[in-house]
file entry-v1.txt (compact mmCIF, C-alpha atoms)
# COMPACT_ATOMS: atom_id res chain seq x y z
CA MET N 1 -29.61 99.90 13.76
CA PHE N 2 -31.49 102.70 12.02
CA LEU N 3 -28.26 103.93 10.48
CA ARG N 4 -27.07 100.47 9.50
CA LEU N 5 -30.32 99.67 7.74
CA PHE N 6 -30.34 103.09 6.13
CA TRP N 7 -26.78 102.72 4.91
CA THR N 8 -27.31 99.17 3.60
CA PHE N 9 -30.35 100.11 1.55
CA PHE N 10 -28.78 103.41 0.54
CA LYS N 11 -25.86 101.51 -1.01
CA ILE N 12 -28.21 99.10 -2.76
CA GLY N 13 -30.37 101.97 -4.00
CA THR N 14 -27.41 103.92 -5.31
CA PHE N 15 -25.69 101.15 -7.20
CA THR N 16 -28.50 99.19 -8.83
CA LEU N 17 -29.37 100.26 -12.31
CA GLY N 18 -32.42 98.88 -14.03
CA GLY N 19 -35.09 98.86 -11.36
CA GLY N 20 -36.51 96.64 -8.64
CA TYR N 21 -35.75 93.13 -9.86
CA ALA N 22 -32.07 94.00 -10.24
CA MET N 23 -32.07 94.97 -6.56
CA LEU N 24 -33.20 91.59 -5.20
CA PRO N 25 -29.89 89.71 -5.60
CA LEU N 26 -28.04 92.64 -4.00
CA ILE N 27 -30.50 92.80 -1.12
CA GLN N 28 -30.01 89.07 -0.64
CA ARG N 29 -26.23 89.38 -0.53
CA GLU N 30 -26.27 92.26 1.94
CA VAL N 31 -29.12 91.18 4.20
CA VAL N 32 -28.68 87.39 4.20
CA ASP N 33 -25.00 86.78 3.51
CA ASN N 34 -23.26 89.85 4.97
CA GLN N 35 -25.44 91.10 7.80
CA HIS N 36 -27.30 87.85 8.69
CA TRP N 37 -30.47 89.80 9.48
CA ILE N 38 -32.71 87.09 8.05
CA ASP N 39 -32.03 83.59 6.73
CA GLU N 40 -32.30 82.27 3.19
CA ARG N 41 -35.76 80.73 3.64
CA GLU N 42 -37.15 83.91 5.16
CA PHE N 43 -35.68 85.91 2.32
CA LEU N 44 -37.43 83.77 -0.28
CA ASN N 45 -40.73 84.10 1.60
CA MET N 46 -40.14 87.84 1.76
CA VAL N 47 -39.58 88.02 -2.01
CA ALA N 48 -42.81 86.09 -2.58
CA LEU N 49 -44.73 88.53 -0.37
CA ALA N 50 -43.04 91.62 -1.84
CA GLN N 51 -44.00 90.48 -5.33
CA ALA N 52 -47.53 89.49 -4.37
CA ALA N 53 -48.27 92.80 -2.66
CA PRO N 54 -48.93 95.88 -4.77
CA GLY N 55 -46.33 98.61 -5.00
CA ILE N 56 -42.64 98.87 -5.76
CA ILE N 57 -40.88 95.57 -5.08
CA ALA N 58 -37.67 97.13 -3.73
CA VAL N 59 -39.68 99.31 -1.33
CA ASN N 60 -41.81 96.36 -0.23
CA SER N 61 -38.64 94.39 0.53
CA ALA N 62 -37.19 97.31 2.48
CA ILE N 63 -40.39 97.58 4.55
CA PHE N 64 -40.41 93.86 5.38
CA ILE N 65 -36.74 93.57 6.25
CA GLY N 66 -36.59 96.89 8.12
CA TYR N 67 -39.62 96.03 10.24
CA LYS N 68 -38.41 92.53 10.94
CA VAL N 69 -34.98 93.69 12.06
CA ASP N 70 -35.88 96.68 14.21
CA ARG N 71 -39.66 97.41 13.98
CA TRP N 72 -40.53 101.02 13.14
CA ARG N 73 -37.07 102.46 13.38
CA GLY N 74 -35.68 99.78 11.10
CA LEU N 75 -38.55 100.23 8.68
CA LEU N 76 -37.98 103.98 8.44
CA GLY N 77 -34.23 103.55 7.93
CA ALA N 78 -34.58 100.88 5.24
CA VAL N 79 -37.30 102.71 3.29
CA LEU N 80 -35.51 106.07 3.39
CA GLY N 81 -32.29 104.36 2.32
CA ALA N 82 -33.98 102.60 -0.58
CA VAL N 83 -35.84 105.68 -1.83
CA LEU N 84 -33.53 108.65 -1.22
CA PRO N 85 -30.79 107.93 -3.81
CA SER N 86 -33.17 107.70 -6.76
CA PHE N 87 -35.29 110.55 -5.39
CA CYS N 88 -32.32 112.93 -5.26
CA ILE N 89 -30.85 111.87 -8.60
CA ILE N 90 -34.16 112.14 -10.45
CA LEU N 91 -35.00 115.45 -8.80
CA CYS N 92 -31.73 116.95 -10.09
CA ILE N 93 -32.38 115.52 -13.53
CA ALA N 94 -35.97 116.81 -13.52
CA ILE N 95 -34.83 120.34 -12.60
CA ILE N 96 -32.10 120.38 -15.25
CA PHE N 97 -33.70 118.33 -17.99
CA HIS N 98 -37.01 120.19 -17.82
CA ASN N 99 -35.22 123.34 -19.00
CA PHE N 100 -33.02 121.72 -21.61
CA ARG N 101 -35.27 119.18 -23.22
CA ASN N 102 -36.31 121.47 -26.06
CA GLN N 103 -32.75 121.94 -27.26
CA PRO N 104 -32.50 120.50 -30.81
CA SER N 105 -29.54 118.22 -30.02
CA ILE N 106 -31.25 116.77 -26.90
CA GLU N 107 -34.45 116.31 -28.89
CA ALA N 108 -32.49 114.47 -31.62
CA ILE N 109 -31.01 112.09 -29.05
CA PHE N 110 -34.42 111.33 -27.58
CA LYS N 111 -35.97 110.79 -31.01
CA GLY N 112 -33.65 107.81 -31.25
CA ILE N 113 -34.23 106.70 -27.67
CA ARG N 114 -38.07 106.74 -27.64
CA PRO N 115 -38.69 103.79 -29.98
CA ALA N 116 -35.84 101.98 -28.23
CA VAL N 117 -37.62 102.38 -24.88
CA VAL N 118 -40.87 101.01 -26.30
CA ALA N 119 -38.86 98.01 -27.55
CA LEU N 120 -37.34 97.54 -24.09
CA ILE N 121 -40.81 97.47 -22.55
CA ALA N 122 -42.08 95.02 -25.17
CA ALA N 123 -39.09 92.63 -25.19
CA PRO N 124 -39.56 90.98 -21.75
CA LEU N 125 -43.13 90.19 -22.79
CA TYR N 126 -41.83 87.49 -25.08
CA ARG N 127 -40.17 85.54 -22.28
CA MET N 128 -42.95 86.26 -19.78
CA THR N 129 -45.65 85.12 -22.20
CA HIS N 130 -43.68 82.00 -22.89
CA ASN N 131 -43.51 81.20 -19.18
CA ALA N 132 -47.10 82.12 -18.35
CA LEU N 133 -48.56 80.13 -21.24
CA LYS N 134 -46.56 77.01 -20.46
CA GLY N 135 -48.79 75.84 -17.60
CA ASN N 136 -52.10 74.04 -17.90
CA ASN N 137 -53.94 77.35 -17.69
CA PHE N 138 -53.11 78.20 -21.30
CA TYR N 139 -56.52 79.48 -22.39
CA ILE N 140 -57.24 81.40 -19.19
CA ALA N 141 -53.82 83.05 -19.36
CA LEU N 142 -54.33 83.98 -22.99
CA LEU N 143 -57.83 85.33 -22.36
CA VAL N 144 -56.94 87.38 -19.27
CA SER N 145 -53.77 88.93 -20.66
CA LEU N 146 -55.23 89.69 -24.09
CA ALA N 147 -58.43 91.14 -22.62
CA THR N 148 -56.41 93.33 -20.23
CA ALA N 149 -54.19 94.68 -23.00
CA LEU N 150 -57.08 95.32 -25.41
CA PHE N 151 -59.37 96.99 -22.87
CA ILE N 152 -56.63 99.42 -21.83
CA TRP N 153 -55.16 100.03 -25.25
CA LEU N 154 -58.27 100.23 -27.42
CA PHE N 155 -60.98 101.40 -25.03
CA GLY N 156 -58.89 103.41 -22.56
CA VAL N 157 -60.28 101.51 -19.55
CA SER N 158 -58.41 102.35 -16.36
CA PRO N 159 -55.95 99.60 -15.33
CA VAL N 160 -57.28 100.00 -11.77
CA VAL N 161 -60.77 98.94 -12.89
CA ILE N 162 -59.36 95.88 -14.65
CA ILE N 163 -57.23 94.82 -11.68
CA LEU N 164 -60.23 95.18 -9.33
CA ALA N 165 -62.42 93.18 -11.74
CA VAL N 166 -59.83 90.39 -12.02
CA ILE N 167 -59.51 90.14 -8.23
CA LEU N 168 -63.28 90.12 -7.66
CA ILE N 169 -64.05 87.59 -10.40
CA THR N 170 -61.24 85.30 -9.24
CA LEU N 171 -62.48 85.39 -5.64
CA LEU N 172 -66.06 84.70 -6.76
CA ILE N 173 -65.08 81.77 -8.98
CA THR N 174 -62.81 80.34 -6.27
CA ASN N 175 -65.70 80.63 -3.84
CA CYS N 176 -68.02 78.69 -6.20
CA LEU N 177 -65.40 76.01 -6.79
CA GLN N 178 -64.76 75.70 -3.05
CA SER N 179 -68.43 75.25 -2.10
CA LYS N 180 -68.88 72.77 -4.95
CA SER N 181 -65.98 70.60 -3.80
CA ASN N 182 -67.26 70.82 -0.23
CA LYS N 183 -70.63 69.46 -1.39
CA ASN N 184 -68.94 66.62 -3.24
CA ILE N 185 -67.13 65.60 -0.10
CA GLN N 186 -70.40 65.51 1.84
CA MET P 1 -55.12 121.36 -5.63
CA ILE P 2 -52.36 119.94 -7.79
CA TYR P 3 -50.81 118.46 -4.67
CA LEU P 4 -54.05 116.70 -3.78
CA GLN P 5 -54.35 115.32 -7.34
CA LEU P 6 -50.74 114.10 -7.21
CA PHE P 7 -51.36 112.44 -3.87
CA ILE P 8 -54.54 110.65 -4.97
CA SER P 9 -53.05 109.55 -8.30
CA PHE P 10 -49.86 108.13 -6.89
CA PHE P 11 -51.63 106.55 -3.94
CA LYS P 12 -53.84 104.73 -6.46
CA ILE P 13 -50.78 103.69 -8.47
CA GLY P 14 -49.13 102.34 -5.32
CA LEU P 15 -52.29 100.53 -4.24
CA PHE P 16 -52.96 98.79 -7.57
CA GLY P 17 -49.42 98.54 -8.88
CA PHE P 18 -49.16 94.76 -8.92
CA GLY P 19 -46.19 93.17 -10.63
CA GLY P 20 -43.77 96.08 -10.20
CA GLY P 21 -41.56 97.65 -12.86
CA TYR P 22 -43.08 97.84 -16.30
CA ALA P 23 -46.52 96.75 -15.10
CA ILE P 24 -46.76 99.96 -13.05
CA LEU P 25 -46.05 102.03 -16.17
CA SER P 26 -49.47 101.38 -17.59
CA LEU P 27 -51.11 102.78 -14.43
CA ILE P 28 -48.85 105.83 -14.39
CA GLU P 29 -49.50 106.43 -18.09
CA HIS P 30 -53.24 106.38 -17.48
CA GLU P 31 -53.05 108.96 -14.66
CA VAL P 32 -50.61 111.23 -16.49
CA GLU P 33 -52.81 111.25 -19.56
CA TYR P 34 -55.99 111.79 -17.53
CA TYR P 35 -54.63 114.91 -15.81
CA GLY P 36 -52.59 116.09 -18.82
CA TRP P 37 -49.45 116.42 -16.69
CA MET P 38 -47.12 115.81 -19.60
CA ASN P 39 -47.15 114.66 -23.21
CA GLN P 40 -46.30 111.17 -24.36
CA GLN P 41 -42.78 112.01 -25.48
CA GLU P 42 -41.90 113.34 -22.05
CA PHE P 43 -43.38 110.21 -20.44
CA VAL P 44 -41.21 107.94 -22.58
CA ASP P 45 -38.21 110.17 -21.83
CA ILE P 46 -38.74 109.55 -18.11
CA VAL P 47 -38.81 105.81 -18.69
CA ALA P 48 -35.52 106.16 -20.60
CA ILE P 49 -33.98 108.23 -17.81
CA SER P 50 -35.22 105.68 -15.24
CA GLN P 51 -33.44 102.93 -17.12
CA VAL P 52 -30.06 104.64 -17.04
CA THR P 53 -30.25 105.94 -13.47
CA PRO P 54 -30.34 103.86 -10.27
CA GLY P 55 -33.53 103.02 -8.44
CA PRO P 56 -36.97 101.57 -9.11
CA ILE P 57 -38.98 102.93 -12.03
CA GLY P 58 -41.97 103.74 -9.81
CA ILE P 59 -39.94 106.03 -7.52
CA ASN P 60 -38.21 107.69 -10.46
CA ALA P 61 -41.49 108.39 -12.24
CA ALA P 62 -43.20 109.70 -9.07
CA THR P 63 -40.32 112.06 -8.30
CA TYR P 64 -40.07 113.35 -11.87
CA ILE P 65 -43.80 113.74 -12.52
CA GLY P 66 -44.30 115.30 -9.07
CA TYR P 67 -41.78 117.97 -9.93
CA THR P 68 -42.86 118.74 -13.49
CA ALA P 69 -46.60 118.68 -12.74
CA SER P 70 -46.33 121.11 -9.82
CA GLY P 71 -43.10 122.94 -10.67
CA HIS P 72 -41.96 122.46 -7.11
CA ILE P 73 -39.98 119.97 -5.02
CA ILE P 74 -43.02 119.60 -2.73
CA GLY P 75 -44.80 117.87 -5.63
CA SER P 76 -41.96 115.32 -5.82
CA ILE P 77 -42.10 114.65 -2.11
CA ILE P 78 -45.89 114.22 -2.13
CA ALA P 79 -45.97 111.94 -5.19
CA THR P 80 -43.10 109.77 -3.91
CA SER P 81 -44.61 109.45 -0.42
CA ALA P 82 -48.03 108.68 -1.90
CA ILE P 83 -46.74 105.81 -4.05
CA ILE P 84 -45.02 104.28 -0.99
CA LEU P 85 -47.87 104.72 1.50
CA PRO P 86 -50.10 101.81 0.32
CA SER P 87 -47.03 99.52 0.30
CA LEU P 88 -46.33 100.56 3.84
CA ILE P 89 -49.83 99.69 5.05
CA ILE P 90 -50.11 96.42 3.10
CA MET P 91 -46.58 95.11 3.64
CA LEU P 92 -46.73 95.92 7.34
CA THR P 93 -49.97 93.97 7.68
CA LEU P 94 -48.49 91.08 5.69
CA CYS P 95 -45.31 91.22 7.74
CA LYS P 96 -47.26 91.00 11.01
CA LEU P 97 -49.36 88.14 9.63
CA TYR P 98 -46.23 86.44 8.40
CA LEU P 99 -44.55 86.66 11.79
CA ARG P 100 -47.56 84.78 13.15
CA LEU P 101 -48.51 82.46 10.28
CA GLU P 102 -45.10 81.75 8.73
CA ASP P 103 -46.03 80.32 5.34
CA LYS P 104 -49.43 78.78 5.98
CA TYR P 105 -51.07 81.37 3.70
CA ALA P 106 -49.37 79.66 0.75
CA ASN P 107 -51.98 76.88 0.64
CA ASN P 108 -54.96 79.20 0.59
CA PRO P 109 -56.76 78.77 -2.77
CA TYR P 110 -58.14 82.35 -2.69
CA TYR P 111 -54.63 83.73 -2.30
CA ASN P 112 -53.08 81.44 -4.91
CA ASN P 113 -55.76 81.86 -7.57
CA THR P 114 -55.75 85.64 -7.24
CA LEU P 115 -51.96 85.73 -7.58
CA LEU P 116 -52.07 83.52 -10.64
CA MET P 117 -54.72 85.65 -12.36
CA LEU P 118 -52.85 88.84 -11.47
CA ARG P 119 -49.76 87.38 -13.13
CA PHE P 120 -51.69 87.06 -16.38
CA THR P 121 -53.12 90.56 -15.89
CA VAL P 122 -49.62 91.96 -15.45
CA LEU P 123 -48.69 90.55 -18.86
CA GLY P 124 -51.61 92.45 -20.36
CA LEU P 125 -50.65 95.61 -18.46
CA ILE P 126 -47.13 95.57 -19.87
CA ALA P 127 -48.41 94.84 -23.37
CA ALA P 128 -50.84 97.76 -23.02
CA ALA P 129 -48.00 100.05 -21.88
CA ALA P 130 -46.00 99.16 -24.99
CA LEU P 131 -48.98 99.39 -27.37
CA THR P 132 -50.14 102.74 -25.96
CA LEU P 133 -46.71 104.22 -26.57
CA ILE P 134 -46.59 103.22 -30.25
CA THR P 135 -47.87 106.53 -31.57
CA PRO P 136 -46.74 109.04 -34.22
CA PHE P 137 -45.21 111.11 -31.41
CA ASN P 138 -42.72 108.41 -30.53
CA PHE P 139 -42.49 106.74 -33.94
CA ILE P 140 -41.91 109.73 -36.18
CA ASP P 141 -40.57 108.01 -39.31
CA TYR P 142 -39.36 104.64 -40.59
CA TYR P 143 -36.04 105.11 -38.82
CA SER P 144 -37.99 104.82 -35.57
CA TRP P 145 -39.09 101.32 -36.56
CA ILE P 146 -35.47 100.39 -37.26
CA PHE P 147 -34.55 101.61 -33.76
CA PHE P 148 -37.46 99.62 -32.34
CA ALA P 149 -36.65 96.41 -34.22
CA GLY P 150 -32.92 96.66 -33.49
CA VAL P 151 -33.36 97.09 -29.75
CA PHE P 152 -36.17 94.51 -29.56
CA ILE P 153 -34.08 91.84 -31.29
CA LEU P 154 -30.84 92.68 -29.46
CA SER P 155 -32.48 92.50 -26.05
CA LEU P 156 -34.13 89.17 -26.90
CA LEU P 157 -30.94 87.63 -28.28
CA LYS P 158 -29.10 88.22 -25.00
CA VAL P 159 -25.83 89.10 -26.75
CA LYS P 160 -23.13 89.32 -24.11
CA TYR P 161 -22.55 92.92 -22.89
CA LEU P 162 -24.66 94.39 -25.74
CA SER P 163 -28.11 93.27 -24.56
CA ASN P 164 -27.89 95.54 -21.53
CA PRO P 165 -30.81 98.04 -21.55
CA ILE P 166 -28.55 100.89 -20.41
CA LEU P 167 -26.11 100.32 -23.23
CA LEU P 168 -28.92 99.92 -25.78
CA ILE P 169 -30.44 103.27 -24.72
CA ILE P 170 -27.08 105.03 -24.95
CA ILE P 171 -26.44 103.56 -28.40
CA ALA P 172 -29.94 104.51 -29.58
CA GLY P 173 -29.39 108.05 -28.29
CA ALA P 174 -26.03 108.35 -30.03
CA ILE P 175 -27.40 107.09 -33.34
CA GLY P 176 -30.44 109.35 -32.89
CA TYR P 177 -28.12 112.33 -32.53
CA PHE P 178 -26.47 111.61 -35.87
CA VAL P 179 -29.67 110.73 -37.71
CA TYR P 180 -31.87 113.59 -36.55
CA SER P 181 -29.58 116.57 -36.09

call {"tool": "encode", "arguments": {"input": "entry-v1.txt", "output": "structure tokens"}}
result
Amino acid sequence: MFLRLFWTFFKIGTFTLGGGYAMLPLIQREVVDNQHWIDEREFLNMVALAQAAPGIIAVNSAIFIGYKVDRWRGLLGAVLGAVLPSFCIILCIAIIFHNFRNQPSIEAIFKGIRPAVVALIAAPLYRMTHNALKGNNFYIALLVSLATALFIWLFGVSPVVIILAVILITLLITNCLQSKSNKNIQ
Amino acid sequence: MIYLQLFISFFKIGLFGFGGGYAILSLIEHEVEYYGWMNQQEFVDIVAISQVTPGPIGINAATYIGYTASGHIIGSIIATSAIILPSLIIMLTLCKLYLRLEDKYANNPYYNNTLLMLRFTVLGLIAAAALTLITPFNFIDYYSWIFFAGVFILSLLKVKYLSNPILLIIIAGAIGYFVYS
């Protein structure tokens, strides 16, 4: 079971370009459709948890599925399988690229790539903003996202501080709202 | 010492890296800048390499930064393990809770409100990652803005085959080679 989980996630890790979200449909096909380790409903719950929890979504999924299938052994196999391909590939690139990156031709290529990468980071924001602002929380969404971006960008506040603040304030406000509605019921 | 710094930094990134992918970039950027592990160009280069190689961006960045910051494979191993460790603890706890609760947690207002607010925060984190990287180091002349606008528009338009980030990076690199060398 260790080897099967390892191999399944190793394949997924080797052949998905473009990061964690691209992995989810492949994980679903392998784990739900081919291996029948968990069912469709469980998979969707797993995705919800993997996205809600901090950390890398593909790794979170591997932890959940691995543990569910075969406890610790499964967990170890799935996580190693998910991580090792990109670890090895990037390590090779780091060793090689670190020595060659000052070559003029490589530098010229990356001068073109750098603004392109910034555009690739910025582009999904358009769709995400559109979705997030659609709900009835328009002003809260606008305030929270703008404040986050400005505090980090302009004032160099650590993202960790902002995330902690958002969590604490949300819990406090929820607590107030809860006790208020409890009083109303009484 | 460098190994301890790498461990603490990437543990923090793993612990607070809500939203995955690009949202994690802003946390990594902050740590890298704080310790001076690499300059901004190199950071953007890693993001580019992450896009064209398999695997999650967080793992790629941890492996790469671990190696370049320490000059040794041990740095890669420590950084990569450190970014996974919080996930391991949290997901395992959630998994055990889930096996017992199924999906009853989904109606908890504390849980739902926090998730909703974090979704808005993630938007801000990604915006901050993009804004922080718009500097004279990455945008060296007006050609850079043409690259930026071209890729931005093409990836929004969802042109078949062309709007693929990997292809866009390769094209930008090829054009960059002709423009700048």

call {"tool": "residues_near_point", "arguments": {"input": "entry-v1.txt", "point": "(-52.2, 87.7, -7.1)", "cutoff": "10 Å", "atoms": "all atoms listed in the file", "output": "NGL selection string"}}
result
(:N and (51-54 or 163 or 166-167 or 170)) or (:P and (18-19 or 110-122))

call {"tool": "atom_distance", "arguments": {"input": "entry-v1.txt", "atom1": "atom CA of N:Ile27", "atom2": "atom CA of P:Gln51"}}
result
19.2 Å

call {"tool": "closest_residue", "arguments": {"input": "entry-v1.txt", "among": "N:Leu164, N:Ala141, N:Leu146, N:Leu5", "to": "N:Asp70", "atoms": "only C-alpha atoms"}}
result
N:Leu5

call {"tool": "residues_around", "arguments": {"input": "entry-v1.txt", "residues": "P:Gly66", "least_positions_apart": "2", "cutoff": "8 Å", "atoms": "all atoms listed in the file", "output": "list in words"}}
result
Leu6, Ala62, Thr63, Tyr64, Thr68, Ala69, Ser70, Gly71, His72, Ile73, Ile74, Gly75, Ser76, Ile77, Ile78, Ala79 and Thr80 of chain P

call {"tool": "atom_distance", "arguments": {"input": "entry-v1.txt", "atom1": "atom CA of P:Phe137", "atom2": "atom CA of P:Val44"}}
result
10.2 Å

call {"tool": "closest_residue", "arguments": {"input": "entry-v1.txt", "among": "P:Ala48, P:Ile57, P:Leu25, P:Leu94", "to": "N:Ile109", "atoms": "all atoms listed in the file"}}
result
P:Ala48

call {"tool": "closest_residue", "arguments": {"input": "entry-v1.txt", "among": "P:Ile46, P:Ala127, P:Phe11, P:Pro54", "to": "N:Met23", "atoms": "all atoms listed in the file"}}
result
P:Pro54

call {"tool": "axis_aligned_box", "arguments": {"input": "entry-v1.txt", "around": "stretch 148-166 of chain N", "padding_each_side": "6 Å", "output": "lines of an AutoDock Vina configuration file"}}
result
center_x = -58.3
center_y = 96.9
center_z = -18.4
size_x = 20.2
size_y = 25.0
size_z = 30.1

call {"tool": "closest_residue", "arguments": {"input": "entry-v1.txt", "among": "P:Ile146, P:Leu99, P:Ile89, P:Ile13", "to": "N:Lys68", "atoms": "all atoms listed in the file"}}
result
P:Leu99

call {"tool": "closest_residue", "arguments": {"input": "entry-v1.txt", "among": "N:Ile38, N:Ile173, N:Ala149, N:Val79", "to": "chain P", "atoms": "only C-alpha atoms"}}
result
N:Ala149

call {"tool": "residues_near_point", "arguments": {"input": "entry-v1.txt", "point": "(-55.3, 103.4, -27.0)", "cutoff": "12 Å", "atoms": "all atoms listed in the file", "output": "compact mmCIF listing (two decimals) with C-alpha atoms, keeping the file's coordinate frame"}}
result
# COMPACT_ATOMS: atom_id res chain seq x y z
CA ALA N 149 -54.19 94.68 -23.00
CA LEU N 150 -57.08 95.32 -25.41
CA PHE N 151 -59.37 96.99 -22.87
CA ILE N 152 -56.63 99.42 -21.83
CA TRP N 153 -55.16 100.03 -25.25
CA LEU N 154 -58.27 100.23 -27.42
CA PHE N 155 -60.98 101.40 -25.03
CA GLY N 156 -58.89 103.41 -22.56
CA VAL N 157 -60.28 101.51 -19.55
CA SER N 158 -58.41 102.35 -16.36
CA SER P 26 -49.47 101.38 -17.59
CA GLU P 29 -49.50 106.43 -18.09
CA HIS P 30 -53.24 106.38 -17.48
CA GLU P 33 -52.81 111.25 -19.56
CA ALA P 127 -48.41 94.84 -23.37
CA ALA P 128 -50.84 97.76 -23.02
CA ALA P 129 -48.00 100.05 -21.88
CA ALA P 130 -46.00 99.16 -24.99
CA LEU P 131 -48.98 99.39 -27.37
CA THR P 132 -50.14 102.74 -25.96
CA LEU P 133 -46.71 104.22 -26.57
CA ILE P 134 -46.59 103.22 -30.25
CA THR P 135 -47.87 106.53 -31.57

call {"tool": "atom_distance", "arguments": {"input": "entry-v1.txt", "atom1": "atom CA of P:Tyr143", "atom2": "atom CA of P:Gly21"}}
result
27.6 Å

call {"tool": "closest_residue", "arguments": {"input": "entry-v1.txt", "among": "N:Ile56, N:Ile113, N:Ala119, N:Cys88", "to": "P:Phe10", "atoms": "only C-alpha atoms"}}
result
N:Ile56

call {"tool": "residues_around", "arguments": {"input": "entry-v1.txt", "residues": "P:Asp45", "least_positions_apart": "5", "cutoff": "12 Å", "atoms": "all atoms listed in the file", "output": "mmCIF file with C-alpha atoms, in the coordinates of the input"}}
result
data_model
loop_
_atom_site.group_PDB
_atom_site.id
_atom_site.type_symbol
_atom_site.label_atom_id
_atom_site.label_comp_id
_atom_site.auth_asym_id
_atom_site.auth_seq_id
_atom_site.Cartn_x
_atom_site.Cartn_y
_atom_site.Cartn_z
ATOM 1 C CA ILE N 93 -32.380 115.520 -13.530
ATOM 2 C CA ALA N 94 -35.970 116.810 -13.520
ATOM 3 C CA PHE N 97 -33.700 118.330 -17.990
ATOM 4 C CA HIS N 98 -37.010 120.190 -17.820
ATOM 5 C CA ARG N 101 -35.270 119.180 -23.220
ATOM 6 C CA ILE N 106 -31.250 116.770 -26.900
ATOM 7 C CA GLU N 107 -34.450 116.310 -28.890
ATOM 8 C CA ILE N 109 -31.010 112.090 -29.050
ATOM 9 C CA PHE N 110 -34.420 111.330 -27.580
ATOM 10 C CA LYS N 111 -35.970 110.790 -31.010
ATOM 11 C CA GLY N 112 -33.650 107.810 -31.250
ATOM 12 C CA ILE N 113 -34.230 106.700 -27.670
ATOM 13 C CA ARG N 114 -38.070 106.740 -27.640
ATOM 14 C CA PRO N 115 -38.690 103.790 -29.980
ATOM 15 C CA ALA N 116 -35.840 101.980 -28.230
ATOM 16 C CA VAL N 117 -37.620 102.380 -24.880
ATOM 17 C CA VAL N 118 -40.870 101.010 -26.300
ATOM 18 C CA MET P 38 -47.120 115.810 -19.600
ATOM 19 C CA ASN P 39 -47.150 114.660 -23.210
ATOM 20 C CA GLN P 40 -46.300 111.170 -24.360
ATOM 21 C CA SER P 50 -35.220 105.680 -15.240
ATOM 22 C CA GLN P 51 -33.440 102.930 -17.120
ATOM 23 C CA VAL P 52 -30.060 104.640 -17.040
ATOM 24 C CA ASN P 60 -38.210 107.690 -10.460
ATOM 25 C CA ALA P 61 -41.490 108.390 -12.240
ATOM 26 C CA TYR P 64 -40.070 113.350 -11.870
ATOM 27 C CA ILE P 65 -43.800 113.740 -12.520
ATOM 28 C CA LEU P 133 -46.710 104.220 -26.570
ATOM 29 C CA PHE P 137 -45.210 111.110 -31.410
ATOM 30 C CA ASN P 138 -42.720 108.410 -30.530
ATOM 31 C CA ILE P 169 -30.440 103.270 -24.720
ATOM 32 C CA GLY P 173 -29.390 108.050 -28.290
#

call {"tool": "decode", "arguments": {"input": "entry-v1.txt", "residues": "stretch 56-64 of chain N", "atoms": "N, CA, C and O atoms", "output": "PDB file, in the first residue's frame"}}
result
ATOM      1  N   ILE N  56       0.482  23.780   1.379  1.00  0.00           N
ATOM      2  CA  ILE N  56       0.382  23.489  -0.044  1.00  0.00           C
ATOM      3  C   ILE N  56      -0.776  22.534  -0.275  1.00  0.00           C
ATOM      4  O   ILE N  56      -0.850  21.475   0.368  1.00  0.00           O
ATOM      5  N   ILE N  57      -1.678  22.896  -1.187  1.00  0.00           N
ATOM      6  CA  ILE N  57      -2.916  22.148  -1.347  1.00  0.00           C
ATOM      7  C   ILE N  57      -2.661  20.704  -1.785  1.00  0.00           C
ATOM      8  O   ILE N  57      -3.281  19.780  -1.258  1.00  0.00           O
ATOM      9  N   ALA N  58      -1.711  20.507  -2.700  1.00  0.00           N
ATOM     10  CA  ALA N  58      -1.415  19.146  -3.163  1.00  0.00           C
ATOM     11  C   ALA N  58      -0.884  18.289  -2.013  1.00  0.00           C
ATOM     12  O   ALA N  58      -1.229  17.112  -1.888  1.00  0.00           O
ATOM     13  N   VAL N  59      -0.046  18.894  -1.165  1.00  0.00           N
ATOM     14  CA  VAL N  59       0.507  18.150  -0.025  1.00  0.00           C
ATOM     15  C   VAL N  59      -0.595  17.844   0.987  1.00  0.00           C
ATOM     16  O   VAL N  59      -0.693  16.725   1.501  1.00  0.00           O
ATOM     17  N   ASN N  60      -1.452  18.828   1.251  1.00  0.00           N
ATOM     18  CA  ASN N  60      -2.574  18.604   2.160  1.00  0.00           C
ATOM     19  C   ASN N  60      -3.447  17.449   1.680  1.00  0.00           C
ATOM     20  O   ASN N  60      -3.871  16.609   2.474  1.00  0.00           O
ATOM     21  N   SER N  61      -3.715  17.398   0.368  1.00  0.00           N
ATOM     22  CA  SER N  61      -4.533  16.320  -0.187  1.00  0.00           C
ATOM     23  C   SER N  61      -3.839  14.981  -0.004  1.00  0.00           C
ATOM     24  O   SER N  61      -4.475  13.983   0.369  1.00  0.00           O
ATOM     25  N   ALA N  62      -2.516  14.961  -0.263  1.00  0.00           N
ATOM     26  CA  ALA N  62      -1.763  13.719  -0.118  1.00  0.00           C
ATOM     27  C   ALA N  62      -1.817  13.226   1.327  1.00  0.00           C
ATOM     28  O   ALA N  62      -1.986  12.027   1.577  1.00  0.00           O
ATOM     29  N   ILE N  63      -1.707  14.152   2.287  1.00  0.00           N
ATOM     30  CA  ILE N  63      -1.747  13.780   3.705  1.00  0.00           C
ATOM     31  C   ILE N  63      -3.090  13.138   4.038  1.00  0.00           C
ATOM     32  O   ILE N  63      -3.172  12.062   4.623  1.00  0.00           O
ATOM     33  N   PHE N  64      -4.176  13.803   3.619  1.00  0.00           N
ATOM     34  CA  PHE N  64      -5.522  13.324   3.933  1.00  0.00           C
ATOM     35  C   PHE N  64      -5.769  11.941   3.325  1.00  0.00           C
ATOM     36  O   PHE N  64      -6.171  11.007   4.021  1.00  0.00           O
TER      37      PHE N  64
END
